[in-house]
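Data from entry18.cif: mmCIF, C-alpha atoms
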```
data_coords
#
loop_
_atom_site.label_atom_id
_atom_site.label_comp_id
_atom_site.auth_asym_id
_atom_site.auth_seq_id
_atom_site.Cartn_x
_atom_site.Cartn_y
_atom_site.Cartn_z
CA MET A 1 -42.58 -14.49 -7.72
CA GLN A 2 -42.93 -10.83 -6.90
CA SER A 3 -43.17 -8.60 -9.96
CA HIS A 4 -40.76 -5.73 -10.56
CA LYS A 5 -43.67 -3.30 -10.21
CA SER A 6 -44.82 -4.55 -6.79
CA ALA A 7 -41.21 -4.69 -5.53
CA LYS A 8 -40.82 -1.05 -6.59
CA ILE A 9 -44.05 -0.10 -4.76
CA GLU A 10 -42.86 -1.83 -1.58
CA GLN A 11 -39.56 0.03 -1.80
CA ASP A 12 -41.13 3.43 -2.41
CA PHE A 13 -43.95 2.89 0.11
CA GLN A 14 -42.50 1.32 3.23
CA ILE A 15 -44.67 0.52 6.23
CA ARG A 16 -43.52 1.48 9.71
CA LYS A 17 -44.72 2.75 13.09
CA LEU A 18 -45.94 6.35 13.42
CA GLU A 19 -43.17 8.77 14.36
CA ILE A 20 -43.53 12.12 16.04
CA SER A 21 -42.15 13.84 12.93
CA ASP A 22 -45.06 12.49 10.82
CA LYS A 23 -47.31 15.42 11.69
CA ALA A 24 -45.16 17.54 9.35
CA LYS A 25 -45.61 14.88 6.66
CA GLY A 26 -49.37 15.26 6.40
CA PHE A 27 -50.54 12.62 8.90
CA ILE A 28 -53.34 14.80 10.27
CA GLU A 29 -54.50 15.86 6.78
CA LEU A 30 -54.65 12.17 5.85
CA LEU A 31 -56.89 11.40 8.86
CA ALA A 32 -59.12 14.30 7.79
CA GLN A 33 -59.98 12.25 4.67
CA LEU A 34 -61.66 9.75 7.05
CA SER A 35 -63.43 12.00 9.56
CA ILE A 36 -63.20 15.42 11.21
CA CYS A 37 -59.60 16.33 12.04
CA ASN A 38 -59.04 20.01 11.36
CA SER A 39 -57.28 21.58 14.33
CA VAL A 40 -54.51 19.69 16.08
CA SER A 41 -51.65 21.83 17.37
CA ASP A 42 -48.11 20.50 17.57
CA LYS A 43 -48.45 20.45 21.37
CA GLU A 44 -51.69 18.45 21.28
CA PHE A 45 -50.17 16.06 18.77
CA GLU A 46 -47.09 15.46 20.89
CA GLU A 47 -49.14 14.96 24.06
CA ARG A 48 -51.41 12.40 22.39
CA PHE A 49 -48.40 10.74 20.75
CA ARG A 50 -46.81 10.26 24.17
CA GLU A 51 -50.05 8.98 25.75
CA ILE A 52 -50.41 6.34 23.02
CA SER A 53 -46.69 5.47 23.03
CA ALA A 54 -46.92 4.82 26.78
CA LEU A 55 -49.12 1.80 25.97
CA ASN A 56 -46.22 0.33 23.96
CA ASP A 57 -47.31 -2.64 21.83
CA ASP A 58 -50.87 -2.43 23.23
CA HIS A 59 -51.61 0.49 20.88
CA LEU A 60 -49.83 0.50 17.55
CA ILE A 61 -50.30 3.09 14.81
CA CYS A 62 -48.64 2.28 11.51
CA VAL A 63 -48.12 4.48 8.47
CA ILE A 64 -46.92 4.17 4.90
CA GLU A 65 -44.74 7.01 3.67
CA ASP A 66 -44.35 7.87 0.01
CA HIS A 67 -40.59 8.35 -0.04
CA ASN A 68 -40.66 10.28 -3.30
CA LEU A 69 -43.05 12.86 -1.84
CA GLY A 70 -41.99 12.65 1.82
CA LYS A 71 -45.68 12.30 2.64
CA ILE A 72 -47.76 9.89 4.77
CA VAL A 73 -50.25 8.28 2.38
CA ALA A 74 -51.79 5.46 4.45
CA THR A 75 -52.36 4.66 8.10
CA GLY A 76 -54.22 2.40 10.49
CA SER A 77 -54.15 1.52 14.19
CA VAL A 78 -54.77 -1.45 16.43
CA PHE A 79 -55.10 -1.53 20.18
CA ILE A 80 -55.12 -4.58 22.37
CA GLU A 81 -57.97 -5.04 24.83
CA LYS A 82 -57.26 -7.29 27.82
CA LYS A 83 -60.27 -9.32 28.88
CA PHE A 84 -61.32 -11.85 31.49
CA LEU A 85 -63.46 -13.53 28.83
CA ARG A 86 -61.91 -16.36 26.81
CA ASN A 87 -59.78 -17.31 29.82
CA CYS A 88 -58.14 -13.92 30.17
CA GLY A 89 -57.93 -13.51 26.40
CA LYS A 90 -56.97 -10.48 24.36
CA VAL A 91 -58.68 -8.83 21.38
CA GLY A 92 -57.16 -6.56 18.74
CA HIS A 93 -59.35 -3.62 17.71
CA ILE A 94 -58.46 -2.12 14.33
CA GLU A 95 -59.35 1.56 13.89
CA ASP A 96 -58.81 4.52 11.58
CA VAL A 97 -57.65 2.82 8.37
CA VAL A 98 -57.30 5.32 5.54
CA VAL A 99 -55.42 5.57 2.25
CA ASP A 100 -54.80 8.93 0.53
CA THR A 101 -57.21 9.35 -2.38
CA ASN A 102 -54.16 10.05 -4.60
CA ALA A 103 -52.43 6.81 -3.62
CA ARG A 104 -55.19 4.29 -4.31
CA GLY A 105 -54.71 1.16 -6.44
CA LYS A 106 -51.37 0.16 -4.92
CA GLN A 107 -52.82 -2.26 -2.31
CA LEU A 108 -51.60 0.05 0.45
CA GLY A 109 -54.83 -0.44 2.45
CA LYS A 110 -54.44 -4.21 2.32
CA ARG A 111 -50.84 -3.93 3.51
CA ILE A 112 -51.92 -1.71 6.42
CA VAL A 113 -54.64 -4.15 7.51
CA GLU A 114 -52.36 -7.18 7.17
CA PHE A 115 -49.70 -5.40 9.25
CA LEU A 116 -52.25 -4.67 12.00
CA VAL A 117 -53.71 -8.21 11.89
CA ASP A 118 -50.19 -9.66 12.18
CA HIS A 119 -49.48 -7.42 15.15
CA ALA A 120 -52.66 -8.57 16.94
CA ARG A 121 -51.76 -12.20 16.26
CA SER A 122 -48.20 -11.72 17.54
CA MET A 123 -49.59 -10.13 20.72
CA GLY A 124 -51.50 -13.35 21.46
CA CYS A 125 -54.99 -12.06 20.61
CA TYR A 126 -57.64 -14.72 19.97
CA LYS A 127 -59.32 -12.44 17.41
CA VAL A 128 -59.07 -9.09 15.68
CA ILE A 129 -62.17 -7.01 14.92
CA LEU A 130 -63.17 -3.72 13.34
CA ASP A 131 -66.25 -1.72 12.41
CA CYS A 132 -66.90 -0.37 8.95
CA SER A 133 -69.64 0.67 6.57
CA VAL A 134 -71.34 -1.92 4.36
CA GLU A 135 -69.49 -0.35 1.38
CA ASN A 136 -66.12 -1.44 2.82
CA LYS A 137 -67.17 -5.05 3.51
CA ALA A 138 -65.64 -6.43 0.29
CA PHE A 139 -62.30 -4.70 0.97
CA TYR A 140 -62.00 -6.25 4.43
CA GLU A 141 -63.04 -9.64 3.09
CA LYS A 142 -60.05 -9.40 0.71
CA CYS A 143 -57.94 -8.80 3.83
CA GLY A 144 -59.18 -12.08 5.32
CA LEU A 145 -61.88 -10.80 7.67
CA GLU A 146 -65.47 -12.00 7.82
CA HIS A 147 -68.75 -10.24 8.52
CA LYS A 148 -69.60 -10.97 12.17
CA GLY A 149 -72.27 -8.69 13.57
CA ILE A 150 -73.51 -5.13 13.74
CA GLN A 151 -72.13 -1.96 15.26
CA MET A 152 -74.25 0.20 17.55
CA GLY A 153 -73.21 3.65 18.70
CA LYS A 154 -74.16 6.87 20.44
CA TYR A 155 -72.59 10.24 19.65
CA PHE A 156 -72.17 12.77 22.44
CA THR A 157 -71.01 15.62 20.19
CA MET B 1 -91.87 8.82 40.65
CA GLN B 2 -89.91 5.65 41.25
CA SER B 3 -92.08 2.69 42.24
CA HIS B 4 -91.52 0.76 45.46
CA LYS B 5 -90.59 -2.29 43.37
CA SER B 6 -87.89 -0.57 41.32
CA ALA B 7 -86.46 1.12 44.43
CA LYS B 8 -86.23 -2.33 46.06
CA ILE B 9 -84.44 -3.73 42.97
CA GLU B 10 -81.94 -0.86 43.01
CA GLN B 11 -81.26 -1.50 46.69
CA ASP B 12 -80.84 -5.27 46.30
CA PHE B 13 -78.87 -4.99 43.04
CA GLN B 14 -76.34 -2.18 43.39
CA ILE B 15 -73.98 -1.33 40.57
CA ARG B 16 -70.28 -0.81 41.29
CA LYS B 17 -66.78 -1.37 39.91
CA LEU B 18 -65.39 -4.90 39.74
CA GLU B 19 -63.48 -5.90 42.87
CA ILE B 20 -60.80 -8.54 43.20
CA SER B 21 -63.05 -10.54 45.55
CA ASP B 22 -65.72 -10.89 42.82
CA LYS B 23 -64.12 -14.02 41.39
CA ALA B 24 -65.44 -15.89 44.46
CA LYS B 25 -68.89 -14.42 43.76
CA GLY B 26 -69.31 -16.08 40.38
CA PHE B 27 -67.93 -13.37 38.07
CA ILE B 28 -66.15 -15.87 35.81
CA GLU B 29 -69.17 -18.21 35.66
CA LEU B 30 -71.28 -15.21 34.62
CA LEU B 31 -68.90 -14.41 31.75
CA ALA B 32 -69.12 -18.06 30.67
CA GLN B 33 -72.79 -17.40 29.84
CA LEU B 34 -71.53 -15.02 27.12
CA SER B 35 -68.56 -16.90 25.64
CA ILE B 36 -65.87 -19.42 26.55
CA CYS B 37 -64.49 -18.80 30.04
CA ASN B 38 -63.87 -22.12 31.74
CA SER B 39 -60.42 -22.09 33.30
CA VAL B 40 -59.17 -18.97 35.05
CA SER B 41 -56.99 -19.58 38.11
CA ASP B 42 -56.96 -17.15 41.03
CA LYS B 43 -53.44 -16.13 40.01
CA GLU B 44 -54.45 -15.44 36.39
CA PHE B 45 -57.48 -13.50 37.59
CA GLU B 46 -55.42 -11.33 39.94
CA GLU B 47 -52.78 -10.65 37.29
CA ARG B 48 -55.38 -9.58 34.71
CA PHE B 49 -57.24 -7.56 37.37
CA ARG B 50 -54.04 -5.62 38.11
CA GLU B 51 -53.27 -5.09 34.41
CA ILE B 52 -56.72 -3.63 33.80
CA SER B 53 -56.69 -1.61 37.04
CA ALA B 54 -53.40 -0.03 35.94
CA LEU B 55 -55.35 1.72 33.16
CA ASN B 56 -57.48 3.43 35.82
CA ASP B 57 -60.57 5.13 34.34
CA ASP B 58 -59.47 4.18 30.81
CA HIS B 59 -60.78 0.61 31.36
CA LEU B 60 -63.77 0.24 33.64
CA ILE B 61 -65.51 -3.03 34.44
CA CYS B 62 -68.74 -2.70 36.39
CA VAL B 63 -70.83 -5.39 38.07
CA ILE B 64 -74.19 -5.74 39.75
CA GLU B 65 -74.22 -7.93 42.84
CA ASP B 66 -77.35 -9.63 44.12
CA HIS B 67 -76.94 -8.82 47.80
CA ASN B 68 -79.36 -11.51 48.90
CA LEU B 69 -77.34 -14.21 47.14
CA GLY B 70 -73.85 -12.63 47.39
CA LYS B 71 -73.51 -13.28 43.66
CA ILE B 72 -72.50 -11.20 40.65
CA VAL B 73 -75.48 -11.25 38.27
CA ALA B 74 -74.58 -8.65 35.63
CA THR B 75 -71.47 -7.06 34.20
CA GLY B 76 -70.12 -4.96 31.37
CA SER B 77 -66.94 -3.08 30.49
CA VAL B 78 -65.86 0.04 28.66
CA PHE B 79 -62.38 1.07 27.62
CA ILE B 80 -61.33 4.44 26.34
CA GLU B 81 -59.41 4.62 23.07
CA LYS B 82 -57.28 7.73 22.55
CA LYS B 83 -57.20 8.88 18.94
CA PHE B 84 -55.67 11.55 16.74
CA LEU B 85 -58.92 11.59 14.73
CA ARG B 86 -61.62 14.06 15.76
CA ASN B 87 -58.93 16.49 16.92
CA CYS B 88 -57.34 14.08 19.39
CA GLY B 89 -60.72 12.70 20.40
CA LYS B 90 -61.58 9.70 22.54
CA VAL B 91 -63.97 6.80 21.96
CA GLY B 92 -65.57 4.51 24.52
CA HIS B 93 -65.74 0.85 23.50
CA ILE B 94 -68.35 -1.19 25.37
CA GLU B 95 -67.63 -4.92 25.67
CA ASP B 96 -68.76 -8.06 27.45
CA VAL B 97 -72.23 -7.06 28.65
CA VAL B 98 -74.05 -10.02 30.21
CA VAL B 99 -76.91 -10.57 32.67
CA ASP B 100 -77.36 -13.87 34.52
CA THR B 101 -80.17 -15.88 32.91
CA ASN B 102 -81.77 -16.16 36.39
CA ALA B 103 -81.77 -12.39 36.90
CA ARG B 104 -83.49 -11.23 33.72
CA GLY B 105 -86.50 -8.89 33.65
CA LYS B 106 -85.12 -6.44 36.22
CA GLN B 107 -83.58 -4.00 33.69
CA LEU B 108 -80.11 -4.85 34.98
CA GLY B 109 -78.66 -4.92 31.45
CA LYS B 110 -80.01 -1.45 30.75
CA ARG B 111 -78.50 -0.16 34.00
CA ILE B 112 -75.12 -1.67 33.08
CA VAL B 113 -75.13 -0.07 29.62
CA GLU B 114 -76.27 3.32 30.96
CA PHE B 115 -73.49 3.20 33.58
CA LEU B 116 -70.88 2.48 30.89
CA VAL B 117 -72.26 5.15 28.54
CA ASP B 118 -72.20 7.71 31.37
CA HIS B 119 -68.60 6.78 32.13
CA ALA B 120 -67.56 7.27 28.49
CA ARG B 121 -69.32 10.65 28.40
CA SER B 122 -67.68 11.75 31.67
CA MET B 123 -64.27 10.78 30.23
CA GLY B 124 -64.80 13.25 27.37
CA CYS B 125 -65.45 10.71 24.61
CA TYR B 126 -67.15 12.03 21.49
CA LYS B 127 -68.93 8.69 21.04
CA VAL B 128 -69.45 5.27 22.56
CA ILE B 129 -69.73 2.15 20.38
CA LEU B 130 -70.21 -1.60 20.67
CA ASP B 131 -70.67 -4.68 18.52
CA CYS B 132 -73.53 -7.10 18.93
CA SER B 133 -75.64 -9.63 17.08
CA VAL B 134 -78.72 -8.51 15.15
CA GLU B 135 -80.83 -10.17 17.88
CA ASN B 136 -79.58 -7.65 20.47
CA LYS B 137 -80.20 -4.55 18.33
CA ALA B 138 -83.57 -3.75 19.95
CA PHE B 139 -82.09 -4.00 23.45
CA TYR B 140 -79.32 -1.50 22.66
CA GLU B 141 -81.79 0.82 20.98
CA LYS B 142 -83.71 0.92 24.28
CA CYS B 143 -80.39 1.95 25.86
CA GLY B 144 -80.18 4.93 23.49
CA LEU B 145 -77.75 3.56 20.89
CA GLU B 146 -78.31 3.49 17.13
CA HIS B 147 -77.34 1.04 14.42
CA LYS B 148 -74.21 2.47 12.75
CA GLY B 149 -72.35 -0.08 10.63
CA ILE B 150 -71.13 -3.63 10.48
CA GLN B 151 -68.54 -5.60 12.42
CA MET B 152 -65.83 -7.57 10.61
CA GLY B 153 -63.52 -10.01 12.37
CA LYS B 154 -60.92 -12.71 12.09
CA TYR B 155 -60.42 -15.44 14.69
CA PHE B 156 -56.91 -16.78 15.30
CA THR B 157 -58.01 -19.59 17.64
#
```
Starting from the file, lay out its structure as structure tokens.
Amino acid sequence: MQSHKSAKIEQDFQIRKLEISDKAKGFIELLAQLSICNSVSDKEFEERFREISALNDDHLICVIEDHNLGKIVATGSVFIEKKFLRNCGKVGHIEDVVVDTNARGKQLGKRIVEFLVDHARSMGCYKVILDCSVENKAFYEKCGLEHKGIQMGKYFT
Amino acid sequence: MQSHKSAKIEQDFQIRKLEISDKAKGFIELLAQLSICNSVSDKEFEERFREISALNDDHLICVIEDHNLGKIVATGSVFIEKKFLRNCGKVGHIEDVVVDTNARGKQLGKRIVEFLVDHARSMGCYKVILDCSVENKAFYEKCGLEHKGIQMGKYFT
């Protein structure tokens, strides 16, 4: 049975898709806690929002809003890659999961990841994957993911 | 200066975008060397080909054809993820790189990866990333990539 406390958290911190009005609720400042994100104009935000929205369910960004503060305190995204491999299979790629440092300890990160995993499953993906640092391995294991391989990368800027 | 041998390899093994006629040239059988890919009908192939083609330069699949055999002997893909992070940045995700076991030792894999990396750079990505097994780390280092983190995943099927 769900406790009163966790029911209250779910009520105060509802999960939903990103909306264009979320820029004014601190969405960009939240992303800046994860990596560089210090100069996005309203115009740039709206253009990118429309580009991503055009992919419909193939690119989902979800957020959790703190309804008492009117502030976005957690987010994550998943996009669906269409392959020929695995008999024209699909893979969900989870990216940019972050929880506001002031909103930790409420399992918001776990709810974000579970929401994204469920979306990938409902889209018919045969797997969902993500890259993270070794420090975040235990968190993602709690979300039901397993360590699979290594990430390689090359930065251009 | 390019040797006569490597010039001959580049002539016999040209790199280009995937074409719809490549299914008849063993493209699916090549993918099966990487993971399960054992039942793709012509109709399924054409439908997926059109879905991916609709993304234009945001999802590129390249192949190398052995012109003496009329057979696809190497392939790889990159898709471009549009983010809000990094000031509305873009990331190239490399996937499904494979070289035919009978065509190894000609640096075809390196040419595939360099082609995909160049595409991501030309699309304005701030980085290009991929996941692989520890065994393939040295190969990707030769292609100019560095070890960055770990991959986590969850299989649905």
Atom pair atom CA of B:Ile61 / atom CA of B:Lys8: separation (Å):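 Calculated distance between atom CA of B:Ile61 and atom CA of B:Lys8 is 23.8 Å.
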Counting only C-alpha atoms, the option among B:Gly149, B:Ser77, B:Phe156, B:His67 closest to B:Glu10: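 Closest to B:Glu10 of all the choices is B:His67.
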Within 12 Å of B:Ser41 using all atoms listed in the file, minus same-chain residues under 4 positions, as an MDAnalysis selection string: (chainID A and resid 84 87:88) or (chainID B and resid 23:24 28 37 45:48)
Straight-line distance linking atom CA of A:Phe79 with atom CA of B:Gly124, stated in Å to one decimal: 19.1 Å
Evaluate the PyMOL selection byres ((chain A) within 6 of (chain B)) and report residues as number ranges by chain: A: 36-37, 39-40, 85-87, 126-133, 145-157
Pairing the C-alpha atoms in order across the whole chain, superpose chain A onto chain B by least squares and write the result as an mmCIF file with C-alpha atoms, keeping the file's coordinate frame.
```
data_model
loop_
_atom_site.group_PDB
_atom_site.id
_atom_site.type_symbol
_atom_site.label_atom_id
_atom_site.label_comp_id
_atom_site.auth_asym_id
_atom_site.auth_seq_id
_atom_site.Cartn_x
_atom_site.Cartn_y
_atom_site.Cartn_z
ATOM 1 C CA MET A 1 -91.887 8.836 40.760
ATOM 2 C CA GLN A 2 -89.933 5.667 41.336
ATOM 3 C CA SER A 3 -92.091 2.703 42.311
ATOM 4 C CA HIS A 4 -91.509 0.750 45.513
ATOM 5 C CA LYS A 5 -90.611 -2.297 43.414
ATOM 6 C CA SER A 6 -87.903 -0.570 41.349
ATOM 7 C CA ALA A 7 -86.472 1.115 44.472
ATOM 8 C CA LYS A 8 -86.232 -2.332 46.081
ATOM 9 C CA ILE A 9 -84.459 -3.729 42.984
ATOM 10 C CA GLU A 10 -81.946 -0.864 43.024
ATOM 11 C CA GLN A 11 -81.269 -1.506 46.702
ATOM 12 C CA ASP A 12 -80.844 -5.256 46.317
ATOM 13 C CA PHE A 13 -78.882 -4.980 43.051
ATOM 14 C CA GLN A 14 -76.351 -2.190 43.392
ATOM 15 C CA ILE A 15 -73.972 -1.327 40.574
ATOM 16 C CA ARG A 16 -70.289 -0.806 41.297
ATOM 17 C CA LYS A 17 -66.788 -1.372 39.918
ATOM 18 C CA LEU A 18 -65.385 -4.915 39.748
ATOM 19 C CA GLU A 19 -63.475 -5.901 42.877
ATOM 20 C CA ILE A 20 -60.816 -8.547 43.198
ATOM 21 C CA SER A 21 -63.058 -10.531 45.558
ATOM 22 C CA ASP A 22 -65.725 -10.889 42.819
ATOM 23 C CA LYS A 23 -64.119 -14.017 41.389
ATOM 24 C CA ALA A 24 -65.442 -15.883 44.448
ATOM 25 C CA LYS A 25 -68.889 -14.417 43.750
ATOM 26 C CA GLY A 26 -69.312 -16.079 40.372
ATOM 27 C CA PHE A 27 -67.931 -13.375 38.055
ATOM 28 C CA ILE A 28 -66.148 -15.867 35.801
ATOM 29 C CA GLU A 29 -69.172 -18.208 35.653
ATOM 30 C CA LEU A 30 -71.280 -15.210 34.619
ATOM 31 C CA LEU A 31 -68.887 -14.394 31.742
ATOM 32 C CA ALA A 32 -69.113 -18.046 30.676
ATOM 33 C CA GLN A 33 -72.795 -17.388 29.847
ATOM 34 C CA LEU A 34 -71.521 -15.013 27.113
ATOM 35 C CA SER A 35 -68.560 -16.898 25.639
ATOM 36 C CA ILE A 36 -65.858 -19.420 26.540
ATOM 37 C CA CYS A 37 -64.484 -18.806 30.034
ATOM 38 C CA ASN A 38 -63.859 -22.122 31.745
ATOM 39 C CA SER A 39 -60.405 -22.095 33.310
ATOM 40 C CA VAL A 40 -59.161 -18.975 35.050
ATOM 41 C CA SER A 41 -57.008 -19.579 38.120
ATOM 42 C CA ASP A 42 -56.974 -17.153 41.028
ATOM 43 C CA LYS A 43 -53.445 -16.127 40.000
ATOM 44 C CA GLU A 44 -54.455 -15.429 36.394
ATOM 45 C CA PHE A 45 -57.483 -13.501 37.593
ATOM 46 C CA GLU A 46 -55.439 -11.331 39.928
ATOM 47 C CA GLU A 47 -52.790 -10.648 37.279
ATOM 48 C CA ARG A 48 -55.392 -9.581 34.712
ATOM 49 C CA PHE A 49 -57.240 -7.564 37.362
ATOM 50 C CA ARG A 50 -54.055 -5.621 38.094
ATOM 51 C CA GLU A 51 -53.256 -5.090 34.392
ATOM 52 C CA ILE A 52 -56.726 -3.623 33.791
ATOM 53 C CA SER A 53 -56.703 -1.606 37.035
ATOM 54 C CA ALA A 54 -53.411 -0.018 35.947
ATOM 55 C CA LEU A 55 -55.351 1.733 33.157
ATOM 56 C CA ASN A 56 -57.493 3.436 35.826
ATOM 57 C CA ASP A 57 -60.567 5.130 34.335
ATOM 58 C CA ASP A 58 -59.470 4.165 30.793
ATOM 59 C CA HIS A 59 -60.772 0.619 31.368
ATOM 60 C CA LEU A 60 -63.755 0.241 33.652
ATOM 61 C CA ILE A 61 -65.511 -3.031 34.456
ATOM 62 C CA CYS A 62 -68.747 -2.703 36.386
ATOM 63 C CA VAL A 63 -70.834 -5.383 38.063
ATOM 64 C CA ILE A 64 -74.196 -5.735 39.753
ATOM 65 C CA GLU A 65 -74.235 -7.918 42.845
ATOM 66 C CA ASP A 66 -77.359 -9.616 44.128
ATOM 67 C CA HIS A 67 -76.943 -8.816 47.810
ATOM 68 C CA ASN A 68 -79.374 -11.512 48.895
ATOM 69 C CA LEU A 69 -77.341 -14.201 47.125
ATOM 70 C CA GLY A 70 -73.884 -12.607 47.393
ATOM 71 C CA LYS A 71 -73.528 -13.279 43.674
ATOM 72 C CA ILE A 72 -72.492 -11.190 40.636
ATOM 73 C CA VAL A 73 -75.474 -11.256 38.267
ATOM 74 C CA ALA A 74 -74.586 -8.637 35.629
ATOM 75 C CA THR A 75 -71.466 -7.056 34.197
ATOM 76 C CA GLY A 76 -70.118 -4.953 31.361
ATOM 77 C CA SER A 77 -66.926 -3.074 30.498
ATOM 78 C CA VAL A 78 -65.854 0.034 28.650
ATOM 79 C CA PHE A 79 -62.382 1.077 27.633
ATOM 80 C CA ILE A 80 -61.334 4.441 26.335
ATOM 81 C CA GLU A 81 -59.405 4.618 23.075
ATOM 82 C CA LYS A 82 -57.282 7.736 22.548
ATOM 83 C CA LYS A 83 -57.201 8.868 18.940
ATOM 84 C CA PHE A 84 -55.671 11.545 16.748
ATOM 85 C CA LEU A 85 -58.901 11.580 14.738
ATOM 86 C CA ARG A 86 -61.611 14.054 15.748
ATOM 87 C CA ASN A 87 -58.924 16.480 16.927
ATOM 88 C CA CYS A 88 -57.339 14.078 19.382
ATOM 89 C CA GLY A 89 -60.731 12.694 20.385
ATOM 90 C CA LYS A 90 -61.567 9.702 22.533
ATOM 91 C CA VAL A 91 -63.961 6.795 21.945
ATOM 92 C CA GLY A 92 -65.568 4.499 24.510
ATOM 93 C CA HIS A 93 -65.740 0.835 23.486
ATOM 94 C CA ILE A 94 -68.349 -1.191 25.372
ATOM 95 C CA GLU A 95 -67.616 -4.919 25.676
ATOM 96 C CA ASP A 96 -68.764 -8.065 27.458
ATOM 97 C CA VAL A 97 -72.250 -7.077 28.645
ATOM 98 C CA VAL A 98 -74.054 -10.023 30.210
ATOM 99 C CA VAL A 99 -76.912 -10.572 32.650
ATOM 100 C CA ASP A 100 -77.366 -13.881 34.515
ATOM 101 C CA THR A 101 -80.158 -15.894 32.902
ATOM 102 C CA ASN A 102 -81.766 -16.152 36.376
ATOM 103 C CA ALA A 103 -81.778 -12.386 36.890
ATOM 104 C CA ARG A 104 -83.484 -11.234 33.695
ATOM 105 C CA GLY A 105 -86.484 -8.876 33.633
ATOM 106 C CA LYS A 106 -85.116 -6.434 36.207
ATOM 107 C CA GLN A 107 -83.581 -3.988 33.670
ATOM 108 C CA LEU A 108 -80.123 -4.865 34.979
ATOM 109 C CA GLY A 109 -78.667 -4.919 31.437
ATOM 110 C CA LYS A 110 -80.006 -1.440 30.741
ATOM 111 C CA ARG A 111 -78.502 -0.156 33.988
ATOM 112 C CA ILE A 112 -75.119 -1.670 33.082
ATOM 113 C CA VAL A 113 -75.123 -0.065 29.623
ATOM 114 C CA GLU A 114 -76.261 3.315 30.955
ATOM 115 C CA PHE A 115 -73.501 3.196 33.589
ATOM 116 C CA LEU A 116 -70.880 2.487 30.900
ATOM 117 C CA VAL A 117 -72.274 5.152 28.528
ATOM 118 C CA ASP A 118 -72.197 7.705 31.366
ATOM 119 C CA HIS A 119 -68.605 6.782 32.137
ATOM 120 C CA ALA A 120 -67.561 7.277 28.489
ATOM 121 C CA ARG A 121 -69.329 10.641 28.413
ATOM 122 C CA SER A 122 -67.679 11.758 31.665
ATOM 123 C CA MET A 123 -64.275 10.785 30.236
ATOM 124 C CA GLY A 124 -64.801 13.258 27.377
ATOM 125 C CA CYS A 125 -65.455 10.698 24.624
ATOM 126 C CA TYR A 126 -67.153 12.026 21.483
ATOM 127 C CA LYS A 127 -68.940 8.683 21.028
ATOM 128 C CA VAL A 128 -69.437 5.258 22.544
ATOM 129 C CA ILE A 129 -69.714 2.143 20.368
ATOM 130 C CA LEU A 130 -70.191 -1.599 20.664
ATOM 131 C CA ASP A 131 -70.652 -4.684 18.515
ATOM 132 C CA CYS A 132 -73.511 -7.109 18.924
ATOM 133 C CA SER A 133 -75.626 -9.636 17.083
ATOM 134 C CA VAL A 134 -78.699 -8.509 15.142
ATOM 135 C CA GLU A 135 -80.830 -10.165 17.877
ATOM 136 C CA ASN A 136 -79.565 -7.654 20.468
ATOM 137 C CA LYS A 137 -80.197 -4.560 18.315
ATOM 138 C CA ALA A 138 -83.557 -3.740 19.943
ATOM 139 C CA PHE A 139 -82.074 -3.992 23.457
ATOM 140 C CA TYR A 140 -79.310 -1.504 22.661
ATOM 141 C CA GLU A 141 -81.777 0.812 20.951
ATOM 142 C CA LYS A 142 -83.692 0.901 24.265
ATOM 143 C CA CYS A 143 -80.390 1.960 25.852
ATOM 144 C CA GLY A 144 -80.176 4.925 23.470
ATOM 145 C CA LEU A 145 -77.761 3.557 20.872
ATOM 146 C CA GLU A 146 -78.308 3.489 17.124
ATOM 147 C CA HIS A 147 -77.333 1.023 14.420
ATOM 148 C CA LYS A 148 -74.213 2.448 12.744
ATOM 149 C CA GLY A 149 -72.358 -0.082 10.636
ATOM 150 C CA ILE A 150 -71.120 -3.643 10.465
ATOM 151 C CA GLN A 151 -68.529 -5.596 12.398
ATOM 152 C CA MET A 152 -65.833 -7.580 10.610
ATOM 153 C CA GLY A 153 -63.525 -10.004 12.371
ATOM 154 C CA LYS A 154 -60.900 -12.711 12.089
ATOM 155 C CA TYR A 155 -60.399 -15.446 14.680
ATOM 156 C CA PHE A 156 -56.905 -16.777 15.294
ATOM 157 C CA THR A 157 -57.982 -19.601 17.616
#
```
Two-atom distance - atom CA of B:Asp58, atom CA of B:Thr75 (Å): 16.8 Å
Residue nearest A:Asp42 among A:Gly105, A:Ile112, A:Val97, A:Asp22 (counting only C-alpha atoms):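 Closest to A:Asp42, using only C-alpha atoms: A:Asp22.
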Residues matched by the PyMOL selection byres ((chain A and resi 12) around 9), written as a ChimeraX atom specification: /A:7-11,13-14,65-68
Option closest in space to B:Asn56, from B:Glu114, B:Lys25, B:Asp100, B:Val78 [counting all atoms listed in the file]: B:Val78
Box in all listed atoms of stretch 102-107 of chain A, axis-aligned, with 8 Å more on each side; write out centre and edge lengths in Å to one decimal as JSON.
```
{"center_x": -53.3, "center_y": 3.9, "center_z": -4.4, "size_x": 19.8, "size_y": 28.3, "size_z": 20.1}
```
Nearby residues (all atoms listed in the file) at most 9 Å from A:Thr101, same-chain spacing under 2 positions excluded, as an NGL selection string: :A and (33 or 73 or 98-99 or 103-104)
Among the residues A:Gly26, A:Met123, A:Ser3, A:Ile15, the one that comes closest to A:Lys90 [using all atoms listed in the file]: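 Residue with the minimum atom-to-atom distance to A:Lys90: A:Met123.
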